[in-house]
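See below for final-v6.txt, which holds compact mmCIF, C-alpha atoms and all ligand atoms.
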```txt
# COMPACT_ATOMS: atom_id res chain seq x y z
CA MET E 158 0.00 0.00 0.00
CA ASN E 159 1.18 3.55 -0.72
CA PRO E 160 2.20 5.51 2.37
CA PRO E 161 -0.22 8.30 3.33
CA ALA E 162 0.38 11.71 1.76
CA ILE E 163 0.64 13.19 5.26
CA ALA E 164 1.09 11.31 8.52
CA THR E 165 1.90 12.84 11.88
CA ARG E 166 2.42 11.30 15.31
CA GLY E 167 1.97 13.43 18.39
CA LEU E 168 2.72 16.61 16.45
CA THR E 169 3.00 19.41 18.98
CA LYS E 170 3.87 23.10 18.98
CA ARG E 171 4.37 24.99 22.18
CA PHE E 172 5.16 28.64 21.52
CA PRO E 173 7.64 30.48 23.73
CA GLY E 174 5.60 31.76 26.62
CA GLY E 175 4.00 28.38 27.14
CA GLN E 176 1.00 28.43 24.84
CA VAL E 177 0.36 25.01 23.28
CA ALA E 178 -1.11 25.81 19.84
CA VAL E 179 -1.01 22.21 18.56
CA ASP E 180 -1.21 19.36 21.01
CA GLY E 181 -0.36 15.76 20.05
CA VAL E 182 -1.98 15.68 16.62
CA ASP E 183 -2.05 12.37 14.69
CA LEU E 184 -3.02 13.16 11.11
CA ALA E 185 -3.55 10.48 8.47
CA VAL E 186 -4.18 11.94 5.05
CA PRO E 187 -4.63 9.22 2.42
CA GLY E 188 -3.09 9.70 -1.02
CA GLY E 189 -5.69 10.87 -3.52
CA SER E 190 -8.00 12.34 -0.89
CA VAL E 191 -9.34 15.85 -0.56
CA TYR E 192 -8.84 16.26 3.18
CA GLY E 193 -10.75 19.05 4.89
CA PHE E 194 -8.92 20.34 7.97
CA LEU E 195 -11.77 21.95 9.82
CA GLY E 196 -11.73 24.00 12.98
CA PRO E 197 -12.72 27.35 14.39
CA ASN E 198 -10.32 30.29 14.16
CA GLY E 199 -7.40 29.86 16.52
CA SER E 200 -7.76 26.07 16.82
CA GLY E 201 -4.25 25.42 15.48
CA LYS E 202 -4.78 24.74 11.78
CA THR E 203 -2.25 27.24 10.42
CA THR E 204 0.34 26.23 13.01
CA THR E 205 -0.08 22.57 12.02
CA ILE E 206 0.27 23.44 8.33
CA ARG E 207 3.39 25.50 8.97
CA MET E 208 4.96 22.54 10.75
CA LEU E 209 4.02 20.15 7.91
CA LEU E 210 5.74 22.46 5.45
CA GLY E 211 8.86 22.89 7.55
CA LEU E 212 8.20 26.61 8.04
CA ILE E 213 8.35 26.23 11.82
CA THR E 214 9.84 23.47 13.95
CA PRO E 215 7.60 21.26 16.06
CA THR E 216 8.36 21.08 19.75
CA GLY E 217 7.21 17.46 19.77
CA GLY E 218 6.16 14.58 17.55
CA THR E 219 6.99 13.60 13.99
CA SER E 220 5.57 14.06 10.53
CA THR E 221 6.10 12.40 7.17
CA LEU E 222 5.11 13.33 3.63
CA PHE E 223 4.63 10.27 1.41
CA GLY E 224 6.37 8.25 4.09
CA ASP E 225 9.45 10.46 3.99
CA PRO E 226 10.41 12.22 7.25
CA THR E 227 12.94 14.50 5.53
CA ARG E 228 12.43 17.81 3.82
CA ALA E 229 13.22 16.22 0.45
CA ALA E 230 9.54 15.33 0.07
CA LEU E 231 8.63 19.03 0.08
CA THR E 232 9.57 19.17 -3.61
CA ARG E 233 6.38 17.16 -4.24
CA VAL E 234 4.26 19.66 -2.34
CA GLY E 235 2.66 22.90 -3.50
CA ALA E 236 1.43 25.17 -0.73
CA LEU E 237 -0.57 28.31 -0.25
CA VAL E 238 -0.19 29.49 3.31
CA GLU E 239 0.24 33.19 2.96
CA GLY E 240 -0.59 34.19 -0.58
CA PRO E 241 2.38 35.02 -2.84
CA ALA E 242 2.94 38.72 -3.52
CA PHE E 243 1.80 39.66 -7.02
CA TYR E 244 2.63 42.87 -8.84
CA PRO E 245 -0.63 44.73 -9.53
CA TRP E 246 0.53 46.28 -12.80
CA LEU E 247 1.81 43.03 -14.32
CA SER E 248 -0.47 40.54 -16.04
CA GLY E 249 -1.31 37.18 -14.47
CA ALA E 250 1.03 35.45 -16.92
CA ALA E 251 3.90 37.89 -16.26
CA ASN E 252 3.47 37.43 -12.52
CA LEU E 253 3.68 33.65 -12.87
CA LEU E 254 6.74 33.94 -15.10
CA ARG E 255 8.45 36.00 -12.39
CA LEU E 256 7.65 33.41 -9.73
CA ASP E 257 8.77 30.60 -12.03
CA ALA E 258 12.06 32.38 -12.67
CA ALA E 259 12.65 32.51 -8.93
CA ASN E 260 12.63 28.71 -8.78
CA PRO E 261 16.21 27.52 -9.33
CA ALA E 262 14.98 23.99 -10.15
CA ALA E 263 12.79 25.17 -13.04
CA ASP E 264 14.21 25.06 -16.58
CA PRO E 265 13.94 28.61 -18.05
CA ALA E 266 13.53 27.17 -21.57
CA SER E 267 10.13 25.72 -20.69
CA ALA E 268 8.94 28.58 -18.46
CA ARG E 269 6.29 29.82 -20.92
CA ARG E 270 4.82 26.36 -21.37
CA ARG E 271 4.67 25.79 -17.59
CA THR E 272 3.01 29.15 -17.00
CA ALA E 273 0.50 28.59 -19.78
CA GLU E 274 -0.36 25.14 -18.40
CA ALA E 275 -0.79 26.46 -14.86
CA LEU E 276 -3.03 29.28 -16.12
CA ASP E 277 -5.02 26.80 -18.14
CA ARG E 278 -5.45 24.52 -15.14
CA VAL E 279 -7.04 27.30 -13.09
CA GLY E 280 -9.14 28.58 -15.99
CA LEU E 281 -7.27 31.87 -16.45
CA THR E 282 -6.05 31.42 -20.02
CA ALA E 283 -8.41 34.07 -21.35
CA ALA E 284 -7.35 36.51 -18.62
CA ALA E 285 -3.62 35.68 -18.82
CA GLY E 286 -2.72 39.05 -20.35
CA LYS E 287 -4.91 41.10 -18.05
CA ARG E 288 -3.27 43.11 -15.29
CA TYR E 289 -3.44 41.56 -11.83
CA LYS E 290 -5.10 44.66 -10.40
CA ALA E 291 -8.05 44.12 -12.74
CA TYR E 292 -8.58 40.55 -11.50
CA SER E 293 -11.59 39.73 -9.32
CA LEU E 294 -10.94 38.24 -5.88
CA GLY E 295 -11.69 34.76 -7.21
CA MET E 296 -9.28 35.25 -10.12
CA ARG E 297 -6.57 36.45 -7.75
CA GLN E 298 -6.96 33.38 -5.61
CA ARG E 299 -6.98 31.14 -8.68
CA LEU E 300 -3.75 32.78 -9.79
CA ALA E 301 -2.29 32.11 -6.34
CA ILE E 302 -3.24 28.46 -6.74
CA ALA E 303 -1.76 28.47 -10.25
CA SER E 304 1.53 29.59 -8.71
CA THR E 305 1.57 26.36 -6.68
CA LEU E 306 0.95 24.33 -9.84
CA LEU E 307 3.90 25.61 -11.86
CA SER E 308 5.55 22.27 -11.42
CA ARG E 309 3.82 18.92 -11.07
CA ARG E 310 2.75 18.37 -7.44
CA ASP E 311 1.51 15.27 -5.68
CA LEU E 312 0.13 17.22 -2.73
CA LEU E 313 -1.39 20.66 -2.51
CA VAL E 314 -1.72 22.29 0.91
CA LEU E 315 -4.10 25.24 1.01
CA ASP E 316 -4.71 27.30 4.13
CA GLU E 317 -8.22 28.80 4.09
CA PRO E 318 -8.16 29.35 0.31
CA THR E 319 -11.66 30.85 0.22
CA ASN E 320 -11.15 33.29 3.08
CA GLY E 321 -12.28 36.77 2.09
CA LEU E 322 -13.77 35.65 -1.23
CA ASP E 323 -17.26 36.55 -2.38
CA PRO E 324 -19.68 33.66 -3.14
CA GLN E 325 -18.67 33.60 -6.82
CA GLY E 326 -14.95 33.51 -5.98
CA THR E 327 -15.61 30.81 -3.41
CA ARG E 328 -17.41 28.68 -6.00
CA GLU E 329 -14.52 29.15 -8.45
CA VAL E 330 -11.93 28.05 -5.93
CA ARG E 331 -13.98 25.05 -4.81
CA ALA E 332 -14.46 23.91 -8.40
CA LEU E 333 -10.75 24.32 -9.00
CA ILE E 334 -9.87 22.20 -5.97
CA LYS E 335 -12.13 19.44 -7.27
CA ASP E 336 -10.45 19.64 -10.70
CA VAL E 337 -6.97 19.47 -9.20
CA ALA E 338 -8.00 16.46 -7.12
CA ALA E 339 -9.54 14.77 -10.16
CA ASP E 340 -6.08 14.92 -11.76
CA GLY E 341 -4.75 12.75 -8.94
CA THR E 342 -3.25 15.43 -6.69
CA THR E 343 -3.95 14.98 -2.97
CA VAL E 344 -5.39 18.19 -1.52
CA PHE E 345 -5.15 19.17 2.14
CA VAL E 346 -7.33 22.22 2.67
CA SER E 347 -8.08 24.07 5.89
CA SER E 348 -11.34 25.84 6.52
CA HIS E 349 -13.51 27.07 9.34
CA LEU E 350 -16.61 26.52 7.20
CA LEU E 351 -18.32 23.21 7.67
CA ALA E 352 -20.48 23.55 4.56
CA GLU E 353 -17.40 24.11 2.45
CA VAL E 354 -15.62 21.03 3.71
CA GLU E 355 -18.79 19.00 3.38
CA GLN E 356 -19.14 20.00 -0.26
CA MET E 357 -15.68 19.30 -1.55
CA CYS E 358 -13.85 16.88 0.75
CA THR E 359 -13.60 13.11 0.85
CA HIS E 360 -12.01 13.10 4.32
CA ILE E 361 -12.20 15.35 7.31
CA GLY E 362 -10.18 16.14 10.39
CA VAL E 363 -11.59 18.40 13.09
CA MET E 364 -9.42 20.58 15.30
CA ARG E 365 -10.47 22.05 18.60
CA THR E 366 -8.11 24.07 20.78
CA GLY E 367 -5.00 22.44 19.35
CA ARG E 368 -6.30 18.87 19.38
CA LEU E 369 -7.56 16.69 16.56
CA VAL E 370 -10.93 15.65 17.95
CA ALA E 371 -12.17 13.66 14.94
CA GLN E 372 -10.80 12.24 11.73
CA SER E 373 -12.66 10.09 9.26
CA PRO E 374 -13.74 9.55 5.68
CA MET E 375 -16.64 11.89 5.01
CA ALA E 376 -18.94 8.99 4.15
CA ASP E 377 -18.51 7.39 7.59
CA LEU E 378 -19.38 10.47 9.58
CA GLY E 379 -23.13 10.21 9.72
CA ALA E 380 -22.87 6.51 10.51
CA GLY E 381 -21.86 6.90 14.13
CA ALA E 382 -24.42 9.56 14.77
CA ALA E 383 -27.63 8.45 16.33
CA ALA E 384 -30.70 8.89 14.15
CA ARG E 385 -33.91 9.15 16.15
CA VAL E 386 -37.44 7.99 15.53
CA GLU E 387 -40.09 10.48 16.65
CA VAL E 388 -43.71 9.42 17.07
CA GLU E 389 -46.58 11.86 17.55
CA THR E 390 -49.43 10.19 19.39
CA SER E 391 -52.18 10.69 21.95
CA ASP E 392 -51.04 7.50 23.72
CA VAL E 393 -47.52 8.36 24.77
CA THR E 394 -47.34 5.66 27.43
CA GLU E 395 -48.16 2.77 25.10
CA ALA E 396 -45.89 4.13 22.36
CA ALA E 397 -43.01 4.39 24.83
CA ARG E 398 -43.67 0.83 25.94
CA VAL E 399 -43.45 -0.41 22.34
CA LEU E 400 -40.21 1.47 21.67
CA THR E 401 -38.68 0.21 24.92
CA GLY E 402 -39.88 -3.32 24.11
CA LEU E 403 -38.03 -3.09 20.80
CA GLY E 404 -34.82 -2.42 22.71
CA LEU E 405 -34.47 1.14 21.37
CA ARG E 406 -32.19 3.37 23.43
CA ASP E 407 -32.78 6.74 25.00
CA VAL E 408 -36.58 6.62 24.89
CA ARG E 409 -37.88 10.10 25.73
CA GLN E 410 -41.46 11.21 26.30
CA ALA E 411 -42.90 14.67 25.92
CA SER E 412 -46.46 15.83 25.65
CA GLY E 413 -47.94 14.12 22.60
CA ARG E 414 -44.55 12.77 21.43
CA VAL E 415 -42.19 9.90 22.07
CA GLY E 416 -38.72 9.57 20.60
CA ALA E 417 -35.83 7.10 20.73
CA GLU E 418 -32.58 6.28 19.00
CA ILE E 419 -33.52 3.99 16.15
CA GLY E 420 -30.18 2.22 15.84
CA ARG E 421 -30.32 -0.57 13.26
CA THR E 422 -34.05 -1.24 13.63
CA ALA E 423 -36.02 -0.73 10.41
CA PRO E 424 -38.44 2.21 10.69
CA GLU E 425 -41.21 0.17 9.06
CA HIS E 426 -40.79 -2.46 11.77
CA VAL E 427 -41.28 0.23 14.44
CA SER E 428 -44.38 1.69 12.78
CA ASP E 429 -45.81 -1.80 12.25
CA LEU E 430 -45.45 -2.71 15.93
CA LEU E 431 -46.91 0.62 17.03
CA PHE E 432 -49.88 -0.01 14.77
CA LYS E 433 -50.33 -3.59 16.03
CA ALA E 434 -50.23 -2.33 19.63
CA GLY E 435 -53.11 0.01 18.78
CA VAL E 436 -51.08 3.19 19.20
CA PRO E 437 -52.82 6.03 17.33
CA ILE E 438 -50.09 7.54 15.15
CA ARG E 439 -50.44 11.17 14.14
CA GLY E 440 -46.91 11.62 12.96
CA PHE E 441 -43.90 9.37 12.43
CA GLN E 442 -40.45 10.39 11.27
CA VAL E 443 -36.81 9.40 11.41
CA ILE E 444 -34.52 12.35 12.08
CA LYS E 445 -30.84 12.14 11.20
CA PRO E 446 -28.57 14.64 12.88
CA SER E 447 -27.00 17.07 10.45
CA LEU E 448 -23.26 17.09 9.97
CA GLU E 449 -23.29 20.29 11.94
CA ASP E 450 -24.97 18.57 14.91
CA VAL E 451 -22.25 15.90 14.78
CA PHE E 452 -19.51 18.53 14.87
CA VAL E 453 -21.04 20.69 17.53
CA GLY E 454 -21.10 17.52 19.62
CA LEU E 455 -17.43 16.86 18.83
CA THR E 456 -16.02 20.34 19.12
CA GLY E 457 -18.40 21.93 21.58
CA GLU E 458 -18.94 24.89 19.31
CA GLY E 459 -20.85 25.83 16.26
CA PHE E 460 -19.44 26.37 12.82
CA ASP E 461 -20.19 29.00 10.31
CA VAL E 462 -22.51 27.17 8.01
CA ASP E 463 -22.63 29.94 5.44
CA SER E 464 -20.64 29.60 2.31
N1 LIG F 1 3.97 32.76 16.58
C1 LIG F 1 3.09 32.56 17.54
N2 LIG F 1 3.39 32.84 18.83
C2 LIG F 1 2.50 32.61 19.82
N3 LIG F 1 1.27 32.12 19.64
C3 LIG F 1 0.90 31.83 18.38
C4 LIG F 1 1.78 32.04 17.27
N4 LIG F 1 1.15 31.63 16.15
C5 LIG F 1 -0.09 31.22 16.52
N5 LIG F 1 -0.24 31.33 17.87
C6 LIG F 1 -1.43 30.94 18.64
O1 LIG F 1 -1.68 29.58 18.45
C7 LIG F 1 -3.09 29.32 18.39
C8 LIG F 1 -3.42 28.62 17.11
O2 LIG F 1 -3.26 29.53 16.02
P1 LIG F 1 -3.42 29.12 14.50
O3 LIG F 1 -3.15 30.32 13.68
O4 LIG F 1 -2.65 27.89 14.23
O5 LIG F 1 -4.97 28.75 14.45
P2 LIG F 1 -5.89 28.58 13.19
O6 LIG F 1 -6.79 27.43 13.50
O7 LIG F 1 -5.10 28.50 11.95
O8 LIG F 1 -6.74 29.88 13.21
P3 LIG F 1 -6.89 30.99 12.09
O9 LIG F 1 -7.84 30.40 11.12
O10 LIG F 1 -7.44 32.15 12.87
O11 LIG F 1 -5.50 31.26 11.55
C9 LIG F 1 -3.77 30.67 18.52
O12 LIG F 1 -4.19 30.83 19.85
C10 LIG F 1 -2.68 31.66 18.17
O13 LIG F 1 -2.87 32.86 18.86
```
Could you write out this structure as structure tokens?
Ligand SMILES: Nc1ncnc2c1ncn2[C@@H]1O[C@H](COP(=O)(O)OP(=O)(O)OP(=O)(O)O)[C@@H](O)[C@H]1O
Amino acid sequence: MNPPAIATRGLTKRFPGGQVAVDGVDLAVPGGSVYGFLGPNGSGKTTTIRMLLGLITPTGGTSTLFGDPTRAALTRVGALVEGPAFYPWLSGAANLLRLDAANPAADPASARRRTAEALDRVGLTAAAGKRYKAYSLGMRQRLAIASTLLSRRDLLVLDEPTNGLDPQGTREVRALIKDVAADGTTVFVSSHLLAEVEQMCTHIGVMRTGRLVAQSPMADLGAGAAARVEVETSDVTEAARVLTGLGLRDVRQASGRVGAEIGRTAPEHVSDLLFKAGVPIRGFQVIKPSLEDVFVGLTGEGFDVDS
């Protein structure tokens, strides 16, 4: 099996002065995934990313990129932590050419081809000759991402790439991330927006005050969360007896309603037994907790659900 794109063990950063910004984080980012690194502001995402990229030194723990603990693997990684500085009066293409020229490993003979390909990949070919200052926010961010794609990368690390973008720019960047991932590049993207991560990621890790409180494939997340059956009835006592008799957990009664965790029991089996027991059913529904409910439970705080 291929080693994970990113793996950390006990990764820790204690800043001088004693503040622990990242506390024993064990990340496992599978190759080929789009991994959403979710957490409220100040939860330690940027500090973690800076350690992964060798920009700051951990005070504890280890990390590997593609199984390699050395910095050599960083040549396979494109990153956008603080956006690159672009010259406002130069075109997008000219800005990329300047950045490309600053890379000693890049062959100057093929600079134009590389720049054109990167611009094409982010959908800026038509605007390549336009001055940077005339770019929309979304175009600026796409150009920033293009700068990370000037050479072939196996992993792209993006720190809050949609921060400060309007809804259109946000959509552009999200679509771009999906395209990059479809080409086989692993993407590790931080965000404080649950909806964003939910829409574009295959895996998720959740940070809270420096700790990784959850990590899982997106598809598994709902599975552990307890869906509930809710019955509206005038005979609460009998309905509760039926639900309890079925072995359902956390049976709760309120006026005119009874609810319980449904677990693996089929809803039609529950309604059938209620009917057979003569319970008058006014309403019957199965309620799954939203992803946001799951995370509020995990992190103890809400997320911005706006995009
Ligand atoms: N150089 C530093 N010195 C001291 N404390 C720091 C330093 N950098 C970050 N911190 C603190 O570490 C904690 C985590 O910050 P970090 O920037 O990693 O969080 P974040 O999740 O990326 O949040 P944001 O999205 O706001 O950047 C914060 O409390 C922050 O104030």
Min atom-atom distance to ligand LIG 1 (chain F) from the set E:Asp257, E:Asp429, E:Asp277, E:Asp316, counting all atoms listed in the file, belongs to E:Asp316
Which residues are near ligand LIG 1 (chain F) - at most 10 Å, using all atoms listed in the file? Format: as a PDB file with C-alpha atoms, in the coordinates of the input.
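Final output, saved to pocket_38.pdb:
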```pdb
ATOM      1  CA  LYS E 170       3.870  23.100  18.980  1.00  0.00           C
ATOM      2  CA  ARG E 171       4.370  24.990  22.180  1.00  0.00           C
ATOM      3  CA  PHE E 172       5.160  28.640  21.520  1.00  0.00           C
ATOM      4  CA  PRO E 173       7.640  30.480  23.730  1.00  0.00           C
ATOM      5  CA  GLY E 174       5.600  31.760  26.620  1.00  0.00           C
ATOM      6  CA  GLY E 175       4.000  28.380  27.140  1.00  0.00           C
ATOM      7  CA  GLN E 176       1.000  28.430  24.840  1.00  0.00           C
ATOM      8  CA  VAL E 177       0.360  25.010  23.280  1.00  0.00           C
ATOM      9  CA  ALA E 178      -1.110  25.810  19.840  1.00  0.00           C
ATOM     10  CA  VAL E 179      -1.010  22.210  18.560  1.00  0.00           C
ATOM     11  CA  PHE E 194      -8.920  20.340   7.970  1.00  0.00           C
ATOM     12  CA  LEU E 195     -11.770  21.950   9.820  1.00  0.00           C
ATOM     13  CA  GLY E 196     -11.730  24.000  12.980  1.00  0.00           C
ATOM     14  CA  PRO E 197     -12.720  27.350  14.390  1.00  0.00           C
ATOM     15  CA  ASN E 198     -10.320  30.290  14.160  1.00  0.00           C
ATOM     16  CA  GLY E 199      -7.400  29.860  16.520  1.00  0.00           C
ATOM     17  CA  SER E 200      -7.760  26.070  16.820  1.00  0.00           C
ATOM     18  CA  GLY E 201      -4.250  25.420  15.480  1.00  0.00           C
ATOM     19  CA  LYS E 202      -4.780  24.740  11.780  1.00  0.00           C
ATOM     20  CA  THR E 203      -2.250  27.240  10.420  1.00  0.00           C
ATOM     21  CA  THR E 204       0.340  26.230  13.010  1.00  0.00           C
ATOM     22  CA  THR E 205      -0.080  22.570  12.020  1.00  0.00           C
ATOM     23  CA  ILE E 206       0.270  23.440   8.330  1.00  0.00           C
ATOM     24  CA  ARG E 207       3.390  25.500   8.970  1.00  0.00           C
ATOM     25  CA  MET E 208       4.960  22.540  10.750  1.00  0.00           C
ATOM     26  CA  ILE E 213       8.350  26.230  11.820  1.00  0.00           C
ATOM     27  CA  VAL E 238      -0.190  29.490   3.310  1.00  0.00           C
ATOM     28  CA  ASP E 316      -4.710  27.300   4.130  1.00  0.00           C
ATOM     29  CA  GLU E 317      -8.220  28.800   4.090  1.00  0.00           C
ATOM     30  CA  ASN E 320     -11.150  33.290   3.080  1.00  0.00           C
ATOM     31  CA  SER E 347      -8.080  24.070   5.890  1.00  0.00           C
ATOM     32  CA  SER E 348     -11.340  25.840   6.520  1.00  0.00           C
ATOM     33  CA  HIS E 349     -13.510  27.070   9.340  1.00  0.00           C
ATOM     34  CA  MET E 364      -9.420  20.580  15.300  1.00  0.00           C
ATOM     35  CA  ARG E 365     -10.470  22.050  18.600  1.00  0.00           C
ATOM     36  CA  THR E 366      -8.110  24.070  20.780  1.00  0.00           C
ATOM     37  CA  GLY E 367      -5.000  22.440  19.350  1.00  0.00           C
TER      38      GLY E 367
END
```
Given only C-alpha atoms as the counted atoms, nearest of E:Val363, E:Leu276, E:Met158, E:Val330 to Val453 in chain E: E:Val363
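Counting all atoms listed in the file, the residue from E:Pro187, E:Gly211, E:Gly193, E:Gly416 that sits nearest to Glu355 in chain E is E:Gly193.
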What's the separation between CA of Ser391 in chain E and CA of Lys445 in chain E, in Å to one decimal place? 23.9 Å
12 Å contact set for Gly420 in chain E, all atoms listed in the file, chain neighbours under 4 positions out, as a PyMOL selection string: chain E and resi 380-386+400+403-408+424+427+443-445
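Distance check against Ser373 in chain E using only C-alpha atoms: of E:Ser267, E:Thr165, E:Ser190, E:Ser428, the minimum falls on E:Ser190.
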Identify which of the residues E:Leu222, E:Ile334, E:Ala263, E:Leu210 lies closest to Pro160 in chain E, counting all atoms listed in the file when measuring atom-to-atom distances.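 The shortest atom-to-atom distance to Pro160 in chain E comes from E:Leu222.
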Counting all atoms listed in the file, figure out which residue out of E:Asn260, E:Asn252, E:Ser447, E:Thr305 gets nearest to Arg278 in chain E. E:Thr305
Test item: axis-aligned box, all listed atoms of range 268-286 of chain E, 3 Å on each side, centre and edges in Å rounded to one decimal, as JSON:
```
{"center_x": -0.1, "center_y": 31.8, "center_z": -17.2, "size_x": 24.1, "size_y": 20.5, "size_z": 14.3}
```
Counting only C-alpha atoms, what is within 12 Å of Lys287 in chain E, bar same-chain residues fewer than 6 positions away, as a PyMOL selection string? chain E and resi 245-252+281+293+296-297+300
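CA of Phe432 in chain E sits 16.3 Å away from CA of Gly413 in chain E.
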How far is it from CA of Glu329 in chain E to CA of Leu212 in chain E, in Å with one decimal?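 Computed distance, CA of Glu329 in chain E to CA of Leu212 in chain E, equals 28.2 Å.
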Close residues, range 230-235 of chain E itself excluded, 10 Å, only C-alpha atoms, min 6 positions apart in chain, as a VMD selection string: chain E and resid 162 209 to 211 221 to 224 262 302 to 315 342 to 344
